[in-house]
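Listing of target-v6.csv; format and content: CSV, C-alpha atoms and all ligand atoms.
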```
chain,number,residue,atom,x,y,z
K,1,MET,CA,10.6,-32.5,22.4
K,2,ASN,CA,9.6,-30.3,25.4
K,3,ALA,CA,9.7,-31.7,28.9
K,4,ALA,CA,6.9,-30.7,31.2
K,5,PRO,CA,8.0,-27.7,33.2
K,6,ALA,CA,9.4,-28.4,36.7
K,7,LEU,CA,8.5,-24.9,37.7
K,8,SER,CA,5.4,-23.1,36.3
K,9,LEU,CA,4.2,-19.7,37.3
K,10,LYS,CA,0.9,-18.5,35.7
K,11,SER,CA,-0.2,-14.8,35.9
K,12,VAL,CA,1.3,-14.4,39.3
K,13,THR,CA,0.6,-11.1,41.1
K,14,LEU,CA,2.2,-10.3,44.4
K,15,THR,CA,1.6,-7.1,46.5
K,16,TYR,CA,3.0,-5.8,49.7
K,17,PRO,CA,1.4,-3.4,52.2
K,18,ASP,CA,2.7,0.1,51.5
K,19,GLY,CA,1.1,2.6,53.9
K,20,ASP,CA,-2.6,2.6,53.2
K,21,ARG,CA,-2.0,1.3,49.7
K,22,ARG,CA,-0.4,-1.9,48.2
K,23,LEU,CA,2.8,-2.0,46.3
K,24,THR,CA,2.7,-4.3,43.3
K,25,ALA,CA,6.0,-6.3,43.3
K,26,LEU,CA,4.9,-8.9,40.7
K,27,ASP,CA,2.5,-7.9,38.0
K,28,ALA,CA,0.9,-10.9,36.1
K,29,VAL,CA,4.2,-12.8,35.8
K,30,SER,CA,4.2,-16.1,33.9
K,31,LEU,CA,7.3,-18.4,33.6
K,32,ASP,CA,7.8,-22.0,32.8
K,33,VAL,CA,11.2,-23.7,33.4
K,34,ALA,CA,12.0,-27.2,32.1
K,35,PRO,CA,14.2,-29.7,33.8
K,36,GLY,CA,17.8,-29.1,32.9
K,37,GLU,CA,17.2,-25.5,31.8
K,38,LEU,CA,19.0,-22.5,33.2
K,39,VAL,CA,16.9,-19.3,33.0
K,40,ALA,CA,18.5,-16.0,34.0
K,41,VAL,CA,16.4,-13.1,35.2
K,42,ALA,CA,18.1,-9.7,35.0
K,43,GLY,CA,16.8,-6.4,36.2
K,44,PRO,CA,17.6,-3.4,38.4
K,45,SER,CA,17.4,-3.4,42.1
K,46,GLY,CA,13.7,-3.2,43.3
K,47,SER,CA,12.3,-4.6,40.1
K,48,GLY,CA,10.9,-7.7,41.8
K,49,LYS,CA,13.5,-10.4,41.3
K,50,SER,CA,13.7,-11.6,44.9
K,51,SER,CA,9.9,-11.5,45.1
K,52,LEU,CA,9.8,-13.8,42.1
K,53,LEU,CA,12.1,-16.3,43.8
K,54,ALA,CA,10.2,-16.1,47.1
K,55,VAL,CA,6.9,-16.9,45.3
K,56,ALA,CA,8.6,-19.7,43.3
K,57,ALA,CA,10.0,-21.1,46.5
K,58,THR,CA,6.5,-21.1,48.0
K,59,LEU,CA,7.8,-18.9,50.8
K,60,LEU,CA,5.3,-16.2,49.8
K,61,ARG,CA,1.8,-16.9,48.5
K,62,PRO,CA,0.8,-14.7,45.5
K,63,ASP,CA,-2.3,-12.6,45.6
K,64,GLU,CA,-3.3,-14.0,42.3
K,65,GLY,CA,-2.1,-16.6,39.9
K,66,ARG,CA,-0.8,-20.1,40.1
K,67,VAL,CA,2.5,-21.7,41.1
K,68,ALA,CA,3.3,-25.3,40.3
K,69,VAL,CA,6.4,-27.2,41.4
K,70,ALA,CA,7.2,-30.6,39.9
K,71,GLY,CA,3.7,-30.8,38.5
K,72,GLN,CA,2.0,-30.0,41.8
K,73,ASP,CA,-0.2,-27.0,42.2
K,74,THR,CA,0.9,-25.3,45.4
K,75,GLY,CA,-2.1,-23.0,45.8
K,76,ALA,CA,-4.5,-25.5,47.4
K,77,MET,CA,-1.8,-27.1,49.6
K,78,SER,CA,-1.7,-26.9,53.4
K,79,ALA,CA,1.3,-25.0,54.9
K,80,ARG,CA,2.6,-28.4,56.0
K,81,ALA,CA,2.4,-29.9,52.6
K,82,ARG,CA,4.1,-26.8,51.1
K,83,THR,CA,6.9,-27.1,53.6
K,84,ALA,CA,7.4,-30.8,52.7
K,85,LEU,CA,7.4,-29.9,49.0
K,86,ARG,CA,9.9,-27.2,49.6
K,87,ARG,CA,12.2,-29.5,51.5
K,88,GLU,CA,12.0,-32.3,48.9
K,89,ARG,CA,11.8,-30.5,45.6
K,90,ILE,CA,13.3,-27.0,45.9
K,91,GLY,CA,16.9,-25.9,46.4
K,92,ILE,CA,17.5,-22.3,47.4
K,93,VAL,CA,20.7,-20.3,47.2
K,94,PHE,CA,20.5,-16.9,48.7
K,95,GLN,CA,22.8,-13.9,48.3
K,96,GLN,CA,24.6,-14.5,51.6
K,97,ALA,CA,25.8,-18.0,52.0
K,98,ASN,CA,24.1,-18.4,55.4
K,99,LEU,CA,26.5,-21.1,56.5
K,100,LEU,CA,26.7,-22.1,60.1
K,101,PRO,CA,30.0,-20.7,61.4
K,102,SER,CA,31.0,-23.7,63.6
K,103,LEU,CA,30.5,-26.4,61.0
K,104,THR,CA,32.9,-27.6,58.3
K,105,ALA,CA,31.8,-27.6,54.6
K,106,GLU,CA,30.9,-31.3,54.8
K,107,GLU,CA,29.0,-30.8,58.1
K,108,GLN,CA,26.9,-28.0,56.5
K,109,LEU,CA,25.5,-30.7,54.1
K,110,LEU,CA,25.1,-33.3,56.7
K,111,ALA,CA,23.1,-31.0,58.9
K,112,VAL,CA,20.4,-30.4,56.3
K,113,GLU,CA,20.5,-34.1,55.4
K,114,HIS,CA,19.9,-34.9,59.0
K,115,VAL,CA,16.9,-32.6,59.2
K,116,ARG,CA,15.5,-34.0,55.9
K,117,GLY,CA,16.0,-37.6,57.0
K,118,GLY,CA,14.4,-36.9,60.4
K,119,ALA,CA,11.3,-35.4,58.6
K,120,ARG,CA,11.1,-38.5,56.4
K,121,GLY,CA,11.5,-40.8,59.5
K,122,VAL,CA,14.8,-42.3,58.2
K,123,ARG,CA,16.9,-43.7,61.0
K,124,SER,CA,20.6,-42.8,60.9
K,125,GLY,CA,22.6,-45.8,61.8
K,126,VAL,CA,26.3,-46.1,61.1
K,127,ARG,CA,25.6,-47.1,57.6
K,128,GLY,CA,23.3,-44.2,57.0
K,129,VAL,CA,25.8,-41.7,58.3
K,130,ARG,CA,28.6,-43.2,56.2
K,131,ALA,CA,26.4,-43.0,53.1
K,132,ALA,CA,25.5,-39.4,53.9
K,133,ARG,CA,29.2,-38.5,54.3
K,134,ALA,CA,30.0,-40.1,51.0
K,135,ARG,CA,27.2,-38.2,49.3
K,136,ALA,CA,28.3,-34.9,50.9
K,137,ALA,CA,31.9,-35.5,49.8
K,138,GLU,CA,30.9,-36.3,46.3
K,139,LEU,CA,28.7,-33.2,46.0
K,140,LEU,CA,31.4,-30.9,47.4
K,141,GLU,CA,33.9,-32.5,45.0
K,142,SER,CA,31.6,-31.8,42.1
K,143,VAL,CA,31.4,-28.1,42.9
K,144,GLY,CA,35.2,-28.0,43.1
K,145,LEU,CA,36.1,-28.4,46.8
K,146,ASP,CA,38.9,-30.9,47.5
K,147,ALA,CA,39.2,-33.0,50.6
K,148,ALA,CA,41.2,-30.4,52.6
K,149,LYS,CA,38.6,-27.6,51.8
K,150,ARG,CA,35.7,-29.9,52.7
K,151,ARG,CA,37.1,-30.0,56.2
K,152,ARG,CA,37.3,-26.2,56.6
K,153,ARG,CA,34.8,-23.9,58.3
K,154,PRO,CA,33.3,-20.9,56.5
K,155,HIS,CA,35.8,-18.3,57.8
K,156,GLN,CA,38.6,-20.5,56.3
K,157,LEU,CA,37.1,-20.4,52.9
K,158,SER,CA,36.9,-17.6,50.3
K,159,GLY,CA,33.7,-16.0,49.3
K,160,GLY,CA,33.5,-18.0,46.1
K,161,GLU,CA,34.2,-21.2,47.9
K,162,ARG,CA,31.5,-20.4,50.5
K,163,GLN,CA,29.1,-19.9,47.6
K,164,ARG,CA,30.1,-23.3,46.2
K,165,VAL,CA,29.3,-24.9,49.6
K,166,ASN,CA,26.0,-23.1,49.5
K,167,ILE,CA,25.2,-24.5,46.0
K,168,ALA,CA,26.2,-28.0,47.0
K,169,ARG,CA,24.0,-27.8,50.1
K,170,ALA,CA,21.0,-26.6,48.0
K,171,LEU,CA,21.5,-29.7,45.7
K,172,SER,CA,21.9,-32.2,48.5
K,173,GLY,CA,18.2,-33.1,48.6
K,174,GLY,CA,18.1,-33.8,44.9
K,175,PRO,CA,15.7,-30.8,44.1
K,176,SER,CA,13.7,-30.5,40.9
K,177,VAL,CA,13.9,-26.7,41.1
K,178,LEU,CA,17.0,-24.6,42.0
K,179,LEU,CA,16.4,-20.9,42.8
K,180,VAL,CA,19.5,-18.7,43.0
K,181,ASP,CA,19.4,-15.0,44.1
K,182,GLU,CA,22.4,-12.8,43.2
K,183,PRO,CA,25.0,-15.5,44.1
K,184,THR,CA,27.9,-13.4,42.7
K,185,SER,CA,27.2,-10.0,44.4
K,186,ALA,CA,30.0,-10.5,46.9
K,187,LEU,CA,32.5,-11.8,44.3
K,188,ASP,CA,34.8,-10.1,41.8
K,189,HIS,CA,33.8,-10.5,38.1
K,190,GLU,CA,36.0,-13.6,37.4
K,191,ARG,CA,34.9,-15.5,40.4
K,192,GLY,CA,31.3,-14.5,39.7
K,193,GLU,CA,31.7,-15.9,36.2
K,194,ARG,CA,33.0,-19.2,37.5
K,195,VAL,CA,30.0,-19.5,39.9
K,196,VAL,CA,27.6,-19.0,37.0
K,197,GLU,CA,29.6,-21.6,35.0
K,198,LEU,CA,29.2,-23.9,37.9
K,199,LEU,CA,25.4,-23.3,38.0
K,200,ALA,CA,25.1,-24.1,34.3
K,201,ALA,CA,27.0,-27.3,34.9
K,202,VAL,CA,25.0,-28.5,37.9
K,203,THR,CA,21.8,-27.6,36.0
K,204,ARG,CA,22.8,-30.1,33.3
K,205,ALA,CA,24.2,-32.7,35.7
K,206,HIS,CA,21.3,-32.7,38.1
K,207,GLY,CA,18.5,-31.8,35.6
K,208,THR,CA,17.2,-29.0,37.8
K,209,ALA,CA,14.9,-26.2,36.5
K,210,THR,CA,17.2,-23.4,37.6
K,211,VAL,CA,16.3,-19.7,37.9
K,212,LEU,CA,19.3,-17.4,38.4
K,213,VAL,CA,18.5,-13.8,39.4
K,214,THR,CA,21.1,-11.1,38.9
K,215,HIS,CA,21.5,-7.4,38.3
K,216,ASP,CA,24.8,-8.1,36.5
K,217,ARG,CA,24.1,-8.4,32.8
K,218,ALA,CA,27.7,-9.4,32.1
K,219,LEU,CA,27.1,-12.8,33.7
K,220,LEU,CA,24.3,-14.0,31.5
K,221,GLY,CA,26.2,-15.7,28.7
K,222,ARG,CA,25.8,-19.2,30.2
K,223,ALA,CA,22.0,-19.1,30.5
K,224,ASP,CA,19.7,-20.9,28.1
K,225,ARG,CA,17.3,-18.0,28.3
K,226,VAL,CA,17.6,-14.5,29.6
K,227,LEU,CA,14.5,-12.6,30.8
K,228,THR,CA,14.3,-9.0,32.0
K,229,MET,CA,12.4,-7.9,35.0
K,230,ALA,CA,11.2,-4.3,35.2
K,231,ASP,CA,8.6,-2.8,37.6
K,232,GLY,CA,7.3,-6.3,38.5
K,233,ARG,CA,6.9,-7.4,34.9
K,234,LEU,CA,8.9,-10.1,33.1
K,235,ARG,CA,9.8,-9.8,29.5
X,301,LIG,P1,14.8,-7.0,43.6
X,301,LIG,O1,15.1,-8.3,44.2
X,301,LIG,O2,14.7,-7.0,42.1
X,301,LIG,O3,15.7,-5.9,44.2
X,301,LIG,P2,12.4,-7.1,45.4
X,301,LIG,O4,11.6,-8.3,44.9
X,301,LIG,O5,13.3,-7.3,46.6
X,301,LIG,O6,13.3,-6.6,44.1
X,301,LIG,O7,11.5,-5.9,45.6
X,301,LIG,C1,10.5,-5.5,44.7
X,301,LIG,C2,9.7,-4.3,45.3
X,301,LIG,O8,9.0,-4.8,46.5
X,301,LIG,C3,10.6,-3.2,45.8
X,301,LIG,O9,9.9,-2.0,45.5
X,301,LIG,C4,10.7,-3.4,47.3
X,301,LIG,O10,10.9,-2.2,48.0
X,301,LIG,C5,9.4,-4.0,47.6
X,301,LIG,N1,9.5,-5.0,48.7
X,301,LIG,C6,10.2,-6.1,48.8
X,301,LIG,N2,10.0,-6.8,49.9
X,301,LIG,C7,9.1,-6.1,50.6
X,301,LIG,C8,8.4,-6.3,51.9
X,301,LIG,N3,8.7,-7.4,52.6
X,301,LIG,N4,7.5,-5.4,52.2
X,301,LIG,C9,7.2,-4.3,51.5
X,301,LIG,N5,7.8,-4.1,50.3
X,301,LIG,C10,8.7,-5.0,49.8
X,302,MG,MG,16.8,-8.9,45.4
```
Would you kindly transcribe this structure into C-alpha cells?
Amino acid sequence: MNAAPALSLKSVTLTYPDGDRRLTALDAVSLDVAPGELVAVAGPSGSGKSSLLAVAATLLRPDEGRVAVAGQDTGAMSARARTALRRERIGIVFQQANLLPSLTAEEQLLAVEHVRGGARGVRSGVRGVRAARARAAELLESVGLDAAKRRRRPHQLSGGERQRVNIARALSGGPSVLLVDEPTSALDHERGERVVELLAAVTRAHGTATVLVTHDRALLGRADRVLTMADGRLR
C-alpha cells in the first residue's frame, strides 16, 4: 500500500540570474516522498541540493513545475497562504542551528510555539503555557536531551546537541514534511551518524516525509531511498 505523498515535486525547474544569462539550479526535478519515509539526497557542492530544499519549503518559487505539500498545490497560493502552510506543515533544519543565543533549549521551542499560537489566535493562559512546556520537554527528551541539558543555552551545548535542539524545534509544530540541509557538516563522523540515526527515528515516530541533504555518502545507510543530485538533475 502506498500512502499519498506528503511532498510532491513535479518537473521543477529553478533558475537564478547569472550576469546576462540564467543559471539552471534545478532541471526538471521530480520527487515524491511518503509520510514516514526518509529520502536522502547526496551530491557535490553546487549540485542544487539546497535549492531543492528551498523550493520544497516554498521559500523559492520554481520557474516551472509543481510543488505540493500535504496534498495542497502551492503554485496558486497567495504569499500569505504559503507562509501559513510553511508554519503549519513544514519543519526546516538548516546547516547552522540558528538558535537564539540568550534562550535555553526549552525556550527555543517555546518561542516558535508562541509565534505559531499567536498566528492561530490561540491565547496563552497559565494552562496553555504549562502544556507548551510539557510538550517542549517531551520533544527534547525524545531527541536525547535530559532535564539539565534542556535548561542550557546554546553555548553550553555541544554541536551535536545544538543540532538535536534544532531538530526538536523543527518538529514542534507537528509538520508533515521535514527538510534537513547538511545537518552533520559541523560534526565528526560518529556524531554525524547519530544525528542521521535520530532523523530516521523521528521520521518513523512522527510520520514526516523527510528529505535529508548531504554531501557525505557515508551517512546514507539509514535512509529508505538514496538519490543523487548532479548539475541540478536528480537520479
Ligand atoms: P548545493 O546545496 O548542492 O551546494 P545550491 O543549491 O546551493 O547547491 O546551488 C546550486 C547552484 O546554484 C550553484 O551553482 C550555486 O552557485 C547557484 N546558486 C545558489 N544560490 C544562488 C543564488 N541565490 N543566486 C545565484 N546563484 C545561486
Ligand atoms: Mg547546500
Give me, please, the distance in Å between atom CA of K:Ala209 and atom CA of K:Gly174, quoted to one decimal. 11.8 Å
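When all atoms listed in the file are used to measure the gap to K:Leu227, the shortest distance among K:Gly19, K:Gly43, K:Pro5, K:Pro62 belongs to K:Gly43.
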Would you mind telling me which residue in K:Leu219, K:Val129, K:Leu53, K:Val39 lies nearest to ligand MG 302 (chain X) when using all atoms listed in the file? K:Leu53
Pick from K:Gly91, K:Pro101, K:Gly71, K:Pro175, whichever lies nearest to K:Ala57 using only C-alpha atoms: K:Gly91
What does the list of residues within 8 Å of ligand MG 302 (chain X) look like if you count only C-alpha atoms and all ligand atoms, written as a VMD selection string? chain K and resid 45 to 46 48 to 51 181 to 182 213
Once you count only C-alpha atoms and all ligand atoms, which residues end up within 12 Å of ligand LIG 301 (chain X), and could you hand them over as a PyMOL selection string? chain K and resi 13-19+21-27+41-56+59-60+94-95+180-182+212-216+228-234
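Among the candidate residues K:Gln163, K:Gln156, K:Ser78, K:Ser172, the one lying nearest to K:Val115 is K:Ser172, with distances computed using only C-alpha atoms.
The coordinates place atom CA of K:Arg87 at 26.7 Å from atom CA of K:Ala28.
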Residue nearest K:Ala3 among K:Val29, K:Ala148, K:Ala34, K:Ala68 (counting all atoms listed in the file): K:Ala34
Export stretch 116-222 of chain K, C-alpha atoms, as a compact mmCIF listing (two decimals), in the first residue's frame; it's the structure right above.
```txt
# COMPACT_ATOMS: atom_id res chain seq x y z
CA ARG K 116 2.65 29.81 15.90
CA GLY K 117 -0.04 30.09 18.60
CA GLY K 118 -0.26 33.86 18.09
CA ALA K 119 -0.78 33.36 14.35
CA ARG K 120 -3.55 30.86 15.11
CA GLY K 121 -5.16 33.24 17.60
CA VAL K 122 -4.58 30.84 20.48
CA ARG K 123 -4.47 32.60 23.86
CA SER K 124 -1.69 31.53 26.16
CA GLY K 125 -3.09 31.29 29.69
CA VAL K 126 -1.25 29.55 32.52
CA ARG K 127 -2.61 26.24 31.30
CA GLY K 128 -1.52 26.86 27.72
CA VAL K 129 1.98 27.75 28.87
CA ARG K 130 2.19 24.65 31.07
CA ALA K 131 1.05 22.42 28.22
CA ALA K 132 3.57 24.03 25.85
CA ARG K 133 6.37 23.48 28.41
CA ALA K 134 5.41 19.85 28.82
CA ARG K 135 5.38 19.37 25.02
CA ALA K 136 8.77 21.07 24.65
CA ALA K 137 10.28 18.91 27.42
CA GLU K 138 8.88 15.75 25.84
CA LEU K 139 10.24 16.60 22.38
CA LEU K 140 13.67 17.47 23.75
CA GLU K 141 13.70 14.28 25.79
CA SER K 142 12.83 12.33 22.63
CA VAL K 143 15.89 13.71 20.82
CA GLY K 144 18.08 12.76 23.77
CA LEU K 145 18.36 15.93 25.89
CA ASP K 146 17.87 15.33 29.61
CA ALA K 147 16.35 17.83 32.06
CA ALA K 148 19.69 19.52 32.83
CA LYS K 149 20.57 20.00 29.15
CA ARG K 150 17.11 21.35 28.39
CA ARG K 151 17.91 24.29 30.67
CA ARG K 152 21.18 25.13 28.92
CA ARG K 153 21.82 27.89 26.41
CA PRO K 154 23.38 27.12 23.00
CA HIS K 155 26.97 27.98 24.03
CA GLN K 156 26.68 25.42 26.87
CA LEU K 157 25.75 22.63 24.45
CA SER K 158 27.91 20.65 22.01
CA GLY K 159 27.44 20.99 18.24
CA GLY K 160 25.57 17.67 18.13
CA GLU K 161 23.31 18.72 21.00
CA ARG K 162 22.57 22.03 19.32
CA GLN K 163 21.58 20.16 16.17
CA ARG K 164 19.25 17.99 18.32
CA VAL K 165 17.56 21.13 19.68
CA ASN K 166 17.26 22.34 16.11
CA ILE K 167 15.54 19.09 15.07
CA ALA K 168 13.19 19.14 18.08
CA ARG K 169 12.26 22.74 17.24
CA ALA K 170 11.51 21.83 13.63
CA LEU K 171 9.20 19.06 14.89
CA SER K 172 7.38 21.22 17.42
CA GLY K 173 4.59 22.26 15.08
CA GLY K 174 3.84 18.66 14.08
CA PRO K 175 4.97 19.08 10.44
CA SER K 176 4.04 16.73 7.58
CA VAL K 177 7.31 17.47 5.81
CA LEU K 178 10.78 17.71 7.38
CA LEU K 179 13.57 19.27 5.30
CA VAL K 180 17.12 18.89 6.54
CA ASP K 181 20.16 20.55 4.93
CA GLU K 182 23.62 19.11 5.75
CA PRO K 183 22.89 18.73 9.48
CA THR K 184 26.17 16.97 10.16
CA SER K 185 28.62 19.23 8.38
CA ALA K 186 29.91 20.69 11.66
CA LEU K 187 30.11 17.31 13.41
CA ASP K 188 32.65 14.50 13.49
CA HIS K 189 31.67 11.29 11.74
CA GLU K 190 30.33 9.45 14.78
CA ARG K 191 28.19 12.35 15.98
CA GLY K 192 27.01 12.87 12.41
CA GLU K 193 25.95 9.26 12.23
CA ARG K 194 23.97 9.60 15.45
CA VAL K 195 22.16 12.67 14.13
CA VAL K 196 21.17 10.72 10.99
CA GLU K 197 20.01 7.83 13.20
CA LEU K 198 17.91 10.31 15.13
CA LEU K 199 16.41 11.67 11.91
CA ALA K 200 15.43 8.14 10.85
CA ALA K 201 13.80 7.58 14.25
CA VAL K 202 11.83 10.83 14.27
CA THR K 203 10.69 10.19 10.70
CA ARG K 204 9.10 6.92 11.90
CA ALA K 205 7.80 8.32 15.20
CA HIS K 206 6.30 11.50 13.73
CA GLY K 207 5.40 10.14 10.30
CA THR K 208 7.10 13.01 8.49
CA ALA K 209 8.09 12.93 4.85
CA THR K 210 11.76 13.70 5.42
CA VAL K 211 14.34 14.88 2.90
CA LEU K 212 17.93 14.82 4.14
CA VAL K 213 20.51 16.54 2.01
CA THR K 214 24.19 15.75 2.44
CA HIS K 215 27.45 15.62 0.53
CA ASP K 216 28.67 12.84 2.86
CA ARG K 217 27.87 9.49 1.28
CA ALA K 218 29.00 7.62 4.38
CA LEU K 219 25.86 8.80 6.21
CA LEU K 220 23.27 7.33 3.89
CA GLY K 221 22.81 3.86 5.37
CA ARG K 222 19.76 4.83 7.40
```
